[in-house]
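Colleague: Hey, dropping work.txt in here, compact mmCIF, C-alpha atoms:
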# COMPACT_ATOMS: atom_id res chain seq x y z
CA MET P 1 49.12 15.26 -78.37
CA ASP P 2 45.89 17.16 -78.89
CA PRO P 3 42.93 15.65 -80.77
CA LEU P 4 42.66 18.38 -83.39
CA SER P 5 46.25 18.09 -84.60
CA GLU P 6 45.90 14.30 -84.66
CA TYR P 7 42.84 14.75 -86.88
CA ILE P 8 44.61 17.19 -89.22
CA ARG P 9 47.62 14.87 -89.46
CA GLY P 10 45.44 12.27 -91.23
CA ILE P 11 44.64 14.81 -93.95
CA THR P 12 48.08 16.29 -94.46
CA ARG P 13 51.25 14.47 -93.41
CA ASP P 14 49.74 10.98 -93.05
CA ASN P 15 47.34 11.35 -95.95
CA PRO P 16 46.62 7.73 -96.97
CA ILE P 17 47.26 8.29 -100.69
CA PHE P 18 49.96 10.97 -100.94
CA GLY P 19 51.63 10.51 -97.55
CA LEU P 20 51.48 6.80 -96.80
CA VAL P 21 50.81 5.60 -100.39
CA LEU P 22 48.39 2.93 -99.17
CA GLY P 23 45.10 1.83 -100.65
CA LEU P 24 45.81 2.64 -104.28
CA CYS P 25 43.50 0.03 -105.79
CA PRO P 26 40.14 1.51 -104.72
CA THR P 27 41.51 5.02 -105.26
CA LEU P 28 42.05 4.37 -108.93
CA ALA P 29 39.27 1.90 -109.62
CA VAL P 30 36.17 3.66 -108.31
CA THR P 31 37.03 7.29 -109.03
CA THR P 32 35.20 7.48 -112.33
CA SER P 33 32.83 9.97 -110.68
CA VAL P 34 32.50 12.01 -107.50
CA GLU P 35 29.45 9.98 -106.50
CA ASN P 36 31.33 6.68 -106.53
CA ALA P 37 34.22 8.30 -104.70
CA ILE P 38 31.90 9.41 -101.88
CA GLY P 39 30.27 5.97 -101.64
CA MET P 40 33.60 4.20 -101.51
CA SER P 41 35.01 6.60 -98.90
CA ALA P 42 31.91 6.18 -96.74
CA GLY P 43 32.26 2.38 -96.76
CA THR P 44 35.96 2.56 -96.03
CA ALA P 45 35.44 5.13 -93.25
CA PHE P 46 32.87 2.92 -91.52
CA VAL P 47 35.21 -0.07 -91.55
CA LEU P 48 38.24 2.00 -90.55
CA VAL P 49 36.53 3.65 -87.58
CA PHE P 50 35.14 0.42 -86.15
CA ALA P 51 38.27 -1.61 -86.86
CA ASN P 52 40.43 1.01 -85.12
CA ILE P 53 38.10 1.14 -82.10
CA PHE P 54 37.97 -2.62 -81.68
CA VAL P 55 41.67 -3.23 -82.26
CA SER P 56 42.52 -0.49 -79.79
CA ALA P 57 40.07 -1.76 -77.17
CA LEU P 58 41.38 -5.32 -77.46
CA ARG P 59 45.06 -4.42 -77.87
CA LYS P 60 46.05 -5.74 -74.42
CA GLN P 61 44.22 -9.04 -74.98
CA ILE P 62 45.55 -9.79 -78.48
CA PRO P 63 48.76 -11.85 -78.35
CA SER P 64 51.26 -10.17 -80.66
CA ALA P 65 52.22 -13.40 -82.48
CA VAL P 66 48.75 -13.83 -83.98
CA ARG P 67 47.72 -10.17 -84.16
CA LEU P 68 47.56 -9.93 -87.96
CA PRO P 69 45.05 -12.79 -88.46
CA ILE P 70 42.96 -11.31 -85.64
CA PHE P 71 43.05 -7.84 -87.26
CA ILE P 72 41.95 -9.37 -90.55
CA ILE P 73 39.05 -11.19 -88.91
CA ILE P 74 37.92 -7.97 -87.17
CA ILE P 75 38.16 -6.03 -90.45
CA ALA P 76 36.40 -8.77 -92.45
CA THR P 77 33.50 -8.71 -89.99
CA PHE P 78 32.88 -5.01 -90.52
CA VAL P 79 33.36 -5.29 -94.27
CA SER P 80 30.67 -7.98 -94.35
CA ILE P 81 28.37 -5.62 -92.46
CA VAL P 82 29.02 -2.75 -94.92
CA ASP P 83 28.54 -5.14 -97.82
CA MET P 84 25.11 -6.24 -96.60
CA LEU P 85 24.01 -2.72 -95.60
CA MET P 86 24.93 -1.26 -98.99
CA GLU P 87 23.29 -4.11 -100.86
CA ALA P 88 20.09 -3.59 -98.87
CA TYR P 89 19.83 0.21 -98.74
CA PHE P 90 21.86 1.58 -101.69
CA PRO P 91 21.53 -0.97 -104.52
CA PRO P 92 22.62 1.39 -107.38
CA MET P 93 25.75 2.38 -105.48
CA TYR P 94 26.41 -1.25 -104.64
CA ALA P 95 26.14 -2.20 -108.31
CA ALA P 96 28.49 0.61 -109.37
CA LEU P 97 31.18 -0.24 -106.81
CA GLY P 98 30.80 -3.97 -107.39
CA VAL P 99 33.62 -6.15 -106.20
CA PHE P 100 35.40 -3.23 -104.54
CA ILE P 101 33.12 -3.22 -101.50
CA PRO P 102 34.15 -6.73 -100.33
CA LEU P 103 37.69 -5.79 -101.35
CA ILE P 104 37.81 -3.13 -98.60
CA VAL P 105 38.97 -6.06 -96.47
CA VAL P 106 42.35 -6.05 -98.24
CA ASN P 107 42.68 -2.26 -98.32
CA CYS P 108 46.17 -1.72 -96.88
CA VAL P 109 45.10 1.56 -95.23
CA ILE P 110 42.90 -0.22 -92.72
CA ILE P 111 45.29 -2.95 -91.66
CA GLY P 112 48.11 -0.39 -91.78
CA ARG P 113 46.36 1.88 -89.29
CA ALA P 114 45.42 -1.07 -87.06
CA GLU P 115 49.05 -2.16 -86.93
CA ALA P 116 50.73 1.24 -86.80
CA TYR P 117 48.33 3.24 -84.66
CA ALA P 118 45.39 1.48 -82.99
CA ASN P 119 47.63 -1.27 -81.66
CA LYS P 120 49.62 1.30 -79.68
CA ASN P 121 47.15 4.02 -78.69
CA ASN P 122 43.99 4.30 -76.63
CA VAL P 123 40.45 4.07 -77.98
CA PHE P 124 39.79 7.81 -78.17
CA TYR P 125 42.92 8.67 -80.15
CA SER P 126 42.42 5.64 -82.42
CA PHE P 127 38.94 6.95 -83.17
CA ILE P 128 40.30 10.42 -83.99
CA ASP P 129 43.03 8.89 -86.15
CA ALA P 130 40.45 6.86 -88.08
CA LEU P 131 38.35 10.01 -88.65
CA GLY P 132 41.39 11.96 -89.90
CA ILE P 133 42.56 9.23 -92.24
CA SER P 134 39.01 8.76 -93.57
CA THR P 135 38.68 12.47 -94.24
CA GLY P 136 42.01 12.49 -96.07
CA PHE P 137 40.92 9.50 -98.11
CA LEU P 138 37.57 11.13 -98.95
CA LEU P 139 39.18 14.40 -100.06
CA VAL P 140 41.70 12.69 -102.35
CA LEU P 141 39.09 10.39 -103.87
CA MET P 142 36.75 13.33 -104.50
CA LEU P 143 39.59 15.33 -106.07
CA ILE P 144 40.56 12.51 -108.44
CA GLY P 145 36.92 11.67 -109.13
CA GLY P 146 36.15 15.33 -109.81
CA ILE P 147 39.03 15.80 -112.25
CA ARG P 148 38.15 12.63 -114.14
CA GLU P 149 34.43 13.36 -114.24
CA ILE P 150 34.85 16.95 -115.44
CA LEU P 151 37.31 16.05 -118.19
CA GLY P 152 35.43 12.89 -119.17
CA THR P 153 31.83 14.11 -119.18
CA GLY P 154 32.05 17.92 -118.80
CA GLN P 155 30.03 18.05 -115.58
CA ILE P 156 29.76 16.75 -112.05
CA VAL P 157 26.48 15.03 -111.26
CA THR P 158 26.13 13.78 -107.68
CA PHE P 159 23.02 11.94 -106.48
CA GLY P 160 20.92 13.53 -109.24
CA TYR P 161 22.12 17.12 -108.70
CA THR P 162 24.34 18.84 -111.23
CA LEU P 163 26.98 20.55 -109.09
CA PHE P 164 29.15 21.95 -111.82
CA SER P 165 29.20 21.96 -115.55
CA LEU P 166 31.60 23.23 -118.18
CA PRO P 167 30.30 25.46 -121.01
CA ALA P 168 31.67 22.99 -123.56
CA ASN P 169 32.11 19.30 -122.99
CA PRO P 170 35.82 18.43 -123.42
CA ASP P 171 34.72 14.80 -123.88
CA VAL P 172 38.06 13.19 -123.13
CA THR P 173 36.60 9.71 -122.74
CA THR P 174 40.03 8.34 -121.89
CA MET P 175 39.84 10.10 -118.54
CA ILE P 176 37.00 7.91 -117.29
CA LEU P 177 38.67 4.81 -118.70
CA PRO P 178 41.52 3.15 -116.77
CA PRO P 179 44.42 5.18 -118.31
CA GLY P 180 42.87 8.42 -117.03
CA ALA P 181 43.16 7.18 -113.47
CA PHE P 182 46.88 6.48 -113.78
CA LEU P 183 47.48 9.80 -115.51
CA THR P 184 45.55 11.82 -112.90
CA ILE P 185 47.25 10.25 -109.89
CA GLY P 186 50.66 10.52 -111.59
CA VAL P 187 50.22 14.26 -112.18
CA LEU P 188 48.83 14.88 -108.68
CA MET P 189 51.66 12.94 -107.07
CA ALA P 190 54.25 14.88 -109.07
CA ILE P 191 52.68 18.15 -107.89
CA VAL P 192 52.69 16.98 -104.26
CA ASN P 193 56.36 15.92 -104.55
CA TYR P 194 57.25 19.27 -106.10
CA GLN P 195 55.53 21.23 -103.32
CA ARG P 196 57.17 19.06 -100.70
CA ALA P 197 60.64 19.57 -102.21
CA LYS P 198 60.07 23.33 -102.34
CA LYS P 199 59.03 23.36 -98.68
CA MET P 200 62.07 21.29 -97.70
CA ALA P 201 64.40 23.65 -99.58
CA LYS P 202 62.86 26.65 -97.85
CA GLY P 203 62.96 25.09 -94.41
CA GLY P 204 66.57 24.02 -94.92
CA MET T 205 23.62 -17.57 -117.86
CA VAL T 206 25.21 -18.38 -121.20
CA GLU T 207 27.96 -20.96 -120.98
CA LYS T 208 31.19 -19.20 -121.85
CA ALA T 209 33.94 -20.96 -123.77
CA LEU T 210 37.05 -21.61 -121.72
CA PHE T 211 39.18 -19.80 -124.29
CA ALA T 212 37.01 -16.72 -123.99
CA ILE T 213 37.35 -16.79 -120.22
CA PHE T 214 41.10 -17.12 -120.54
CA MET T 215 41.48 -14.20 -122.97
CA GLU T 216 39.17 -12.12 -120.82
CA GLY T 217 41.28 -12.78 -117.73
CA VAL T 218 44.59 -12.04 -119.47
CA PHE T 219 43.76 -9.03 -121.61
CA ILE T 220 40.29 -7.52 -121.49
CA LYS T 221 39.93 -7.64 -117.72
CA ASN T 222 43.64 -7.44 -117.02
CA PHE T 223 43.89 -7.33 -113.26
CA LEU T 224 46.63 -4.75 -112.89
CA ILE T 225 45.96 -2.05 -115.41
CA ILE T 226 42.30 -2.40 -116.29
CA GLN T 227 40.74 -3.47 -113.01
CA PHE T 228 43.34 -1.87 -110.69
CA LEU T 229 43.74 -4.90 -108.47
CA GLY T 230 47.09 -5.56 -106.82
CA LEU T 231 48.63 -2.14 -107.39
CA CYS T 232 50.79 -2.19 -104.25
CA SER T 233 53.03 -4.91 -105.65
CA PHE T 234 52.76 -3.35 -109.12
CA VAL T 235 54.55 -0.18 -108.03
CA GLY T 236 56.49 -1.83 -105.21
CA VAL T 237 58.33 -4.79 -106.74
CA THR T 238 58.75 -3.69 -110.36
CA LYS T 239 62.02 -1.89 -109.73
CA ASP T 240 64.01 -4.83 -111.07
CA PHE T 241 63.18 -7.65 -113.42
CA LYS T 242 64.13 -10.57 -111.20
CA SER T 243 61.87 -9.76 -108.25
CA ALA T 244 59.01 -8.94 -110.61
CA ALA T 245 59.32 -12.38 -112.21
CA GLY T 246 59.59 -14.14 -108.85
CA MET T 247 56.61 -12.28 -107.46
CA SER T 248 54.57 -13.14 -110.55
CA GLY T 249 55.37 -16.83 -110.16
CA ALA T 250 54.20 -16.78 -106.56
CA VAL T 251 51.03 -14.89 -107.52
CA ILE T 252 50.13 -17.32 -110.34
CA PHE T 253 50.46 -20.22 -107.91
CA VAL T 254 48.44 -18.56 -105.13
CA MET T 255 45.73 -17.36 -107.53
CA THR T 256 45.23 -20.77 -109.12
CA MET T 257 45.18 -22.58 -105.79
CA ALA T 258 42.94 -19.95 -104.19
CA ALA T 259 40.47 -20.16 -107.08
CA THR T 260 40.30 -23.96 -106.74
CA VAL T 261 40.13 -24.26 -102.97
CA SER T 262 37.70 -21.41 -102.43
CA TYR T 263 35.38 -22.78 -105.14
CA LEU T 264 35.31 -26.13 -103.34
CA ILE T 265 34.71 -24.49 -99.97
CA TYR T 266 32.00 -22.19 -101.28
CA THR T 267 30.12 -24.94 -103.15
CA TYR T 268 30.49 -27.87 -100.79
CA VAL T 269 30.69 -26.25 -97.37
CA LEU T 270 29.14 -22.78 -97.34
CA ILE T 271 26.14 -23.31 -99.64
CA PRO T 272 24.90 -26.62 -98.12
CA THR T 273 25.13 -25.17 -94.62
CA GLY T 274 23.51 -21.88 -95.68
CA MET T 275 26.43 -19.75 -94.51
CA GLU T 276 27.21 -17.80 -97.67
CA PHE T 277 27.56 -14.66 -95.60
CA LEU T 278 30.80 -16.07 -94.20
CA ASP T 279 32.35 -16.19 -97.69
CA LEU T 280 34.65 -13.20 -97.22
CA ILE T 281 36.14 -14.47 -93.96
CA SER T 282 36.67 -18.02 -95.21
CA PHE T 283 38.28 -16.84 -98.48
CA ILE T 284 40.72 -14.66 -96.56
CA VAL T 285 41.69 -17.56 -94.33
CA VAL T 286 42.26 -19.83 -97.36
CA ILE T 287 44.47 -17.23 -99.03
CA ALA T 288 46.45 -16.57 -95.86
CA ALA T 289 47.16 -20.29 -95.47
CA LEU T 290 48.27 -20.59 -99.11
CA VAL T 291 50.59 -17.62 -98.83
CA GLN T 292 52.15 -19.10 -95.72
CA LEU T 293 52.81 -22.29 -97.71
CA VAL T 294 54.46 -20.39 -100.57
CA GLU T 295 56.55 -18.45 -98.07
CA PHE T 296 57.93 -21.67 -96.54
CA VAL T 297 58.77 -23.13 -99.94
CA VAL T 298 60.46 -19.97 -101.28
CA ARG T 299 62.44 -19.34 -98.08
CA LYS T 300 63.76 -22.92 -98.05
CA ASN T 301 64.54 -23.29 -101.76
CA ILE T 302 65.28 -19.81 -103.18
CA PRO T 303 66.63 -17.70 -100.28
CA SER T 304 67.91 -14.92 -102.60
CA LEU T 305 64.44 -14.41 -104.06
CA TYR T 306 62.99 -14.48 -100.54
CA ARG T 307 65.24 -11.58 -99.53
CA SER T 308 64.52 -9.46 -102.59
CA LEU T 309 60.73 -9.85 -102.27
CA GLY T 310 60.89 -8.82 -98.63
CA ILE T 311 57.63 -7.61 -97.19
CA TYR T 312 55.72 -8.15 -100.44
CA LEU T 313 55.63 -11.93 -100.10
CA PRO T 314 53.50 -12.04 -96.92
CA LEU T 315 51.56 -9.11 -98.37
CA ILE T 316 50.18 -11.35 -101.14
CA THR T 317 47.60 -12.18 -98.47
CA THR T 318 46.31 -8.64 -98.69
CA ASN T 319 46.95 -8.42 -102.42
CA CYS T 320 43.55 -7.44 -103.77
CA ALA T 321 44.22 -9.34 -106.99
CA VAL T 322 44.04 -12.73 -105.29
CA LEU T 323 40.84 -12.02 -103.39
CA GLY T 324 39.55 -10.32 -106.53
CA VAL T 325 39.88 -13.53 -108.55
CA VAL T 326 37.98 -15.47 -105.92
CA LEU T 327 35.20 -12.90 -105.60
CA LEU T 328 34.81 -12.46 -109.35
CA ASN T 329 34.53 -16.24 -109.70
CA VAL T 330 31.65 -16.30 -107.23
CA LEU T 331 30.07 -13.25 -108.87
CA SER T 332 30.21 -14.74 -112.41
CA GLU T 333 28.93 -18.12 -111.15
CA TYR T 334 31.76 -20.04 -112.79
CA ASN T 335 31.98 -23.81 -112.30
CA LEU T 336 35.15 -25.53 -111.08
CA VAL T 337 36.98 -25.73 -114.43
CA GLN T 338 36.00 -22.17 -115.37
CA SER T 339 37.14 -20.89 -111.97
CA VAL T 340 40.53 -22.55 -112.33
CA VAL T 341 40.97 -21.26 -115.88
CA PHE T 342 40.07 -17.73 -114.77
CA GLY T 343 42.54 -18.03 -111.89
CA ILE T 344 45.36 -19.06 -114.23
CA ALA T 345 44.41 -16.36 -116.74
CA ALA T 346 44.44 -13.66 -114.10
CA GLY T 347 47.87 -14.83 -112.99
CA VAL T 348 49.21 -14.84 -116.56
CA GLY T 349 47.83 -11.36 -117.20
CA TYR T 350 49.44 -10.15 -113.97
CA THR T 351 52.77 -11.67 -115.04
CA ILE T 352 52.73 -10.10 -118.51
CA VAL T 353 52.13 -6.62 -117.14
CA MET T 354 54.58 -6.99 -114.24
CA ILE T 355 57.35 -8.07 -116.61
CA MET T 356 56.65 -5.29 -119.12
CA MET T 357 56.55 -2.73 -116.33
CA ALA T 358 59.77 -4.00 -114.71
CA SER T 359 61.62 -4.00 -118.02
CA ILE T 360 60.54 -0.46 -118.85
CA ARG T 361 61.41 0.81 -115.39
CA GLU T 362 64.83 -0.84 -115.45
CA ARG T 363 65.65 0.84 -118.73
CA SER T 364 64.35 4.24 -117.68
CA THR T 365 66.33 4.41 -114.42
CA PHE T 366 68.93 6.78 -115.86
CA VAL T 367 66.61 8.98 -117.89
CA HIS T 368 66.98 12.68 -117.09
CA ILE T 369 63.70 13.86 -115.64
CA PRO T 370 62.76 16.39 -112.93
CA SER T 371 63.35 14.98 -109.47
CA SER T 372 59.72 15.40 -108.42
CA ILE T 373 58.60 13.03 -111.18
CA ARG T 374 61.18 10.39 -110.36
CA GLY T 375 59.83 7.34 -108.54
CA LEU T 376 56.10 6.87 -108.14
CA PRO T 377 54.81 9.52 -110.60
CA GLN T 378 57.12 8.09 -113.25
CA ALA T 379 55.75 4.61 -112.56
CA PHE T 380 52.21 5.90 -112.94
CA PHE T 381 53.03 7.59 -116.26
CA ILE T 382 54.46 4.31 -117.59
CA ALA T 383 51.32 2.58 -116.34
CA THR T 384 49.21 5.13 -118.25
CA MET T 385 50.90 4.14 -121.50
CA LEU T 386 50.51 0.42 -120.82
CA SER T 387 46.90 0.92 -119.85
CA LEU T 388 46.19 2.91 -123.05
CA ALA T 389 47.45 -0.07 -125.03
CA PHE T 390 45.36 -2.57 -123.08
CA VAL T 391 42.16 -0.53 -123.21
CA ASN T 392 42.02 -1.17 -126.93
CA TYR T 393 41.29 -4.84 -126.30
CA PHE T 394 37.79 -3.74 -125.32
CA TRP T 395 37.11 -3.14 -129.00
CA VAL T 396 39.27 -5.86 -130.49
CA ILE T 397 37.59 -8.73 -128.66
CA PRO T 398 33.96 -7.86 -127.96
CA ILE T 399 32.38 -10.00 -125.26
Could I get this structure in the form of structure tokens?

Modeller:
Amino acid sequence: MDPLSEYIRGITRDNPIFGLVLGLCPTLAVTTSVENAIGMSAGTAFVLVFANIFVSALRKQIPSAVRLPIFIIIIATFVSIVDMLMEAYFPPMYAALGVFIPLIVVNCVIIGRAEAYANKNNVFYSFIDALGISTGFLLVLMLIGGIREILGTGQIVTFGYTLFSLPANPDVTTMILPPGAFLTIGVLMAIVNYQRAKKMAKGG
Amino acid sequence: MVEKALFAIFMEGVFIKNFLIIQFLGLCSFVGVTKDFKSAAGMSGAVIFVMTMAATVSYLIYTYVLIPTGMEFLDLISFIVVIAALVQLVEFVVRKNIPSLYRSLGIYLPLITTNCAVLGVVLLNVLSEYNLVQSVVFGIAAGVGYTIVMIMMASIRERSTFVHIPSSIRGLPQAFFIATMLSLAFVNYFWVIPI
């Protein structure tokens, strides 16, 4: 098991959205723009990295009968920290993400990784796994956020910089409303399934 | 803050801020247990109960324990503990009285603990500074809204099981496309009932 392939695995095969299908709520709710997607991924990554490290370090001390409540307490601690940090240093981002920052605590990705990976592997690999999964999460959120922002507003504006803008604004307001999120993830998931089926057929 | 009428809070919870398809809370169970009507209905019943109880208990804890002792920063941890205890209670009751439902819900019953919808109700109550009655009404409304959408979704999915579609769309993508349609319908409540 080498660290690099463990890292890549979090982006491809164990991608939190398309591979594991965990953590759908924040994926759909905050991806109205690339900026929100980055903020949400950063918060989630912070919690995921520290939760994985702590769970892995304490895995021999935690009795398996009460491991889930202990995981949740560990996760809730770090979510509280992120919540306070964001409120103090990034108030506009905090206002935009709203209730979804405290809701990181019930993001299935984090408890899923604690249970499935950190509970069985050493601290270093748990750290790498958390980084890989966070990167995968960030890329998917940015992709969905990008598609919705381009179709909804005609440009991508991130932290005050215009990264990309279409010559004509398509102005499909629906895309930045809730239905757009379902439509985007439905189409992306169908494409991923199609590619996967093609690969399977080729590989036999 | 302007005192909101209870009816307005109720309609807001059921339609305008529908938890599943407008606010995207509780999507795991939304795509997971809507494959057949019976489990969707059972799940919804459990969620209504847990949401209402969680809204009540966490309001009492927040107002009478956390605020007087100045420990509001512990809100997240205490809410999670309250919800976990409630879910455990529901699990005992369902397993003892309706074993068939217990089997069909499977992993999703204990997962109500990590269902964002339940914690969402509690957090939104604190955020909107609702009093006890308003919190309870919002809890019930959120549960009713959840039930309506779960039942619509399960019915549509049951009927569309044998539709001929490409195999890569079958399953999750199909569920998301149905959700798109439902969501398009619900978005219109923004304009129908201005708040």

Colleague: Find the residue from P:Gly160, P:Phe46, P:Cys25, P:Val192 that sits nearest to Phe234 of chain T; use only C-alpha atoms when measuring.

Modeller: P:Cys25

Colleague: Would you be able to write out as a PyMOL selection string which residues have an atom within 12 Å of (36.3, -23.1, -100.1) in the file's coordinates, counting all atoms listed in the file?

Modeller: chain T and resi 257-271+275-276+278-287+326-327+329-330+336

Colleague: Within 8 Å of (47.2, -0.6, -97.2) (file coordinates; only C-alpha atoms), which protein or nucleic acid residues are there? I'd like them as a ChimeraX atom specification.

Modeller: /P:21-24,106-112

Colleague: Please, could you write that set of residues out with C-alpha atoms as a PDB file, keeping the file's coordinate frame?

Modeller:
ATOM      1  CA  VAL P  21      50.810   5.600-100.390  1.00  0.00           C
ATOM      2  CA  LEU P  22      48.390   2.930 -99.170  1.00  0.00           C
ATOM      3  CA  GLY P  23      45.100   1.830-100.650  1.00  0.00           C
ATOM      4  CA  LEU P  24      45.810   2.640-104.280  1.00  0.00           C
ATOM      5  CA  VAL P 106      42.350  -6.050 -98.240  1.00  0.00           C
ATOM      6  CA  ASN P 107      42.680  -2.260 -98.320  1.00  0.00           C
ATOM      7  CA  CYS P 108      46.170  -1.720 -96.880  1.00  0.00           C
ATOM      8  CA  VAL P 109      45.100   1.560 -95.230  1.00  0.00           C
ATOM      9  CA  ILE P 110      42.900  -0.220 -92.720  1.00  0.00           C
ATOM     10  CA  ILE P 111      45.290  -2.950 -91.660  1.00  0.00           C
ATOM     11  CA  GLY P 112      48.110  -0.390 -91.780  1.00  0.00           C
TER      12      GLY P 112
END

Colleague: Using all atoms listed in the file, find which residues of chain T lie within 9 Å of chain P and jot them down as a count of residues only.

Modeller: 42

Colleague: What does the distance between atom CA of Arg59 of chain P and atom CA of Asn119 of chain P come to in Å, to one decimal place?

Modeller: 5.6 Å

Colleague: Starting from the block above, write segment 247-258 of chain T out to a file with N, CA, C and O atoms, as a tab-separated table (two decimals), in the first residue's frame, please.

Modeller:
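Final output, result_32.tsv:
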chain	number	residue	atom	x	y	z
T	247	MET	N	-40.69	4.82	7.53
T	247	MET	CA	-39.59	5.74	7.82
T	247	MET	C	-40.11	7.12	8.15
T	247	MET	O	-39.66	7.77	9.09
T	248	SER	N	-41.11	7.58	7.36
T	248	SER	CA	-41.65	8.92	7.58
T	248	SER	C	-42.27	9.02	8.96
T	248	SER	O	-42.10	10.03	9.65
T	249	GLY	N	-43.00	7.96	9.37
T	249	GLY	CA	-43.60	7.98	10.70
T	249	GLY	C	-42.55	8.15	11.78
T	249	GLY	O	-42.67	8.99	12.67
T	250	ALA	N	-41.47	7.36	11.66
T	250	ALA	CA	-40.39	7.45	12.64
T	250	ALA	C	-39.79	8.84	12.65
T	250	ALA	O	-39.51	9.41	13.71
T	251	VAL	N	-39.60	9.42	11.43
T	251	VAL	CA	-38.96	10.74	11.36
T	251	VAL	C	-39.85	11.82	11.96
T	251	VAL	O	-39.37	12.68	12.70
T	252	ILE	N	-41.17	11.77	11.70
T	252	ILE	CA	-42.08	12.76	12.31
T	252	ILE	C	-41.93	12.72	13.82
T	252	ILE	O	-41.77	13.75	14.48
T	253	PHE	N	-41.96	11.49	14.38
T	253	PHE	CA	-41.87	11.36	15.83
T	253	PHE	C	-40.55	11.93	16.35
T	253	PHE	O	-40.53	12.77	17.24
T	254	VAL	N	-39.43	11.51	15.73
T	254	VAL	CA	-38.13	11.96	16.23
T	254	VAL	C	-37.99	13.47	16.08
T	254	VAL	O	-37.48	14.14	16.97
T	255	MET	N	-38.46	14.02	14.95
T	255	MET	CA	-38.33	15.46	14.74
T	255	MET	C	-39.10	16.25	15.79
T	255	MET	O	-38.58	17.20	16.37
T	256	THR	N	-40.36	15.84	16.04
T	256	THR	CA	-41.17	16.57	17.00
T	256	THR	C	-40.55	16.51	18.39
T	256	THR	O	-40.40	17.53	19.08
T	257	MET	N	-40.17	15.29	18.79
T	257	MET	CA	-39.56	15.13	20.12
T	257	MET	C	-38.25	15.90	20.21
T	257	MET	O	-37.98	16.57	21.21
T	258	ALA	N	-37.43	15.80	19.16
T	258	ALA	CA	-36.13	16.47	19.19
T	258	ALA	C	-36.31	17.97	19.30
T	258	ALA	O	-35.59	18.64	20.05
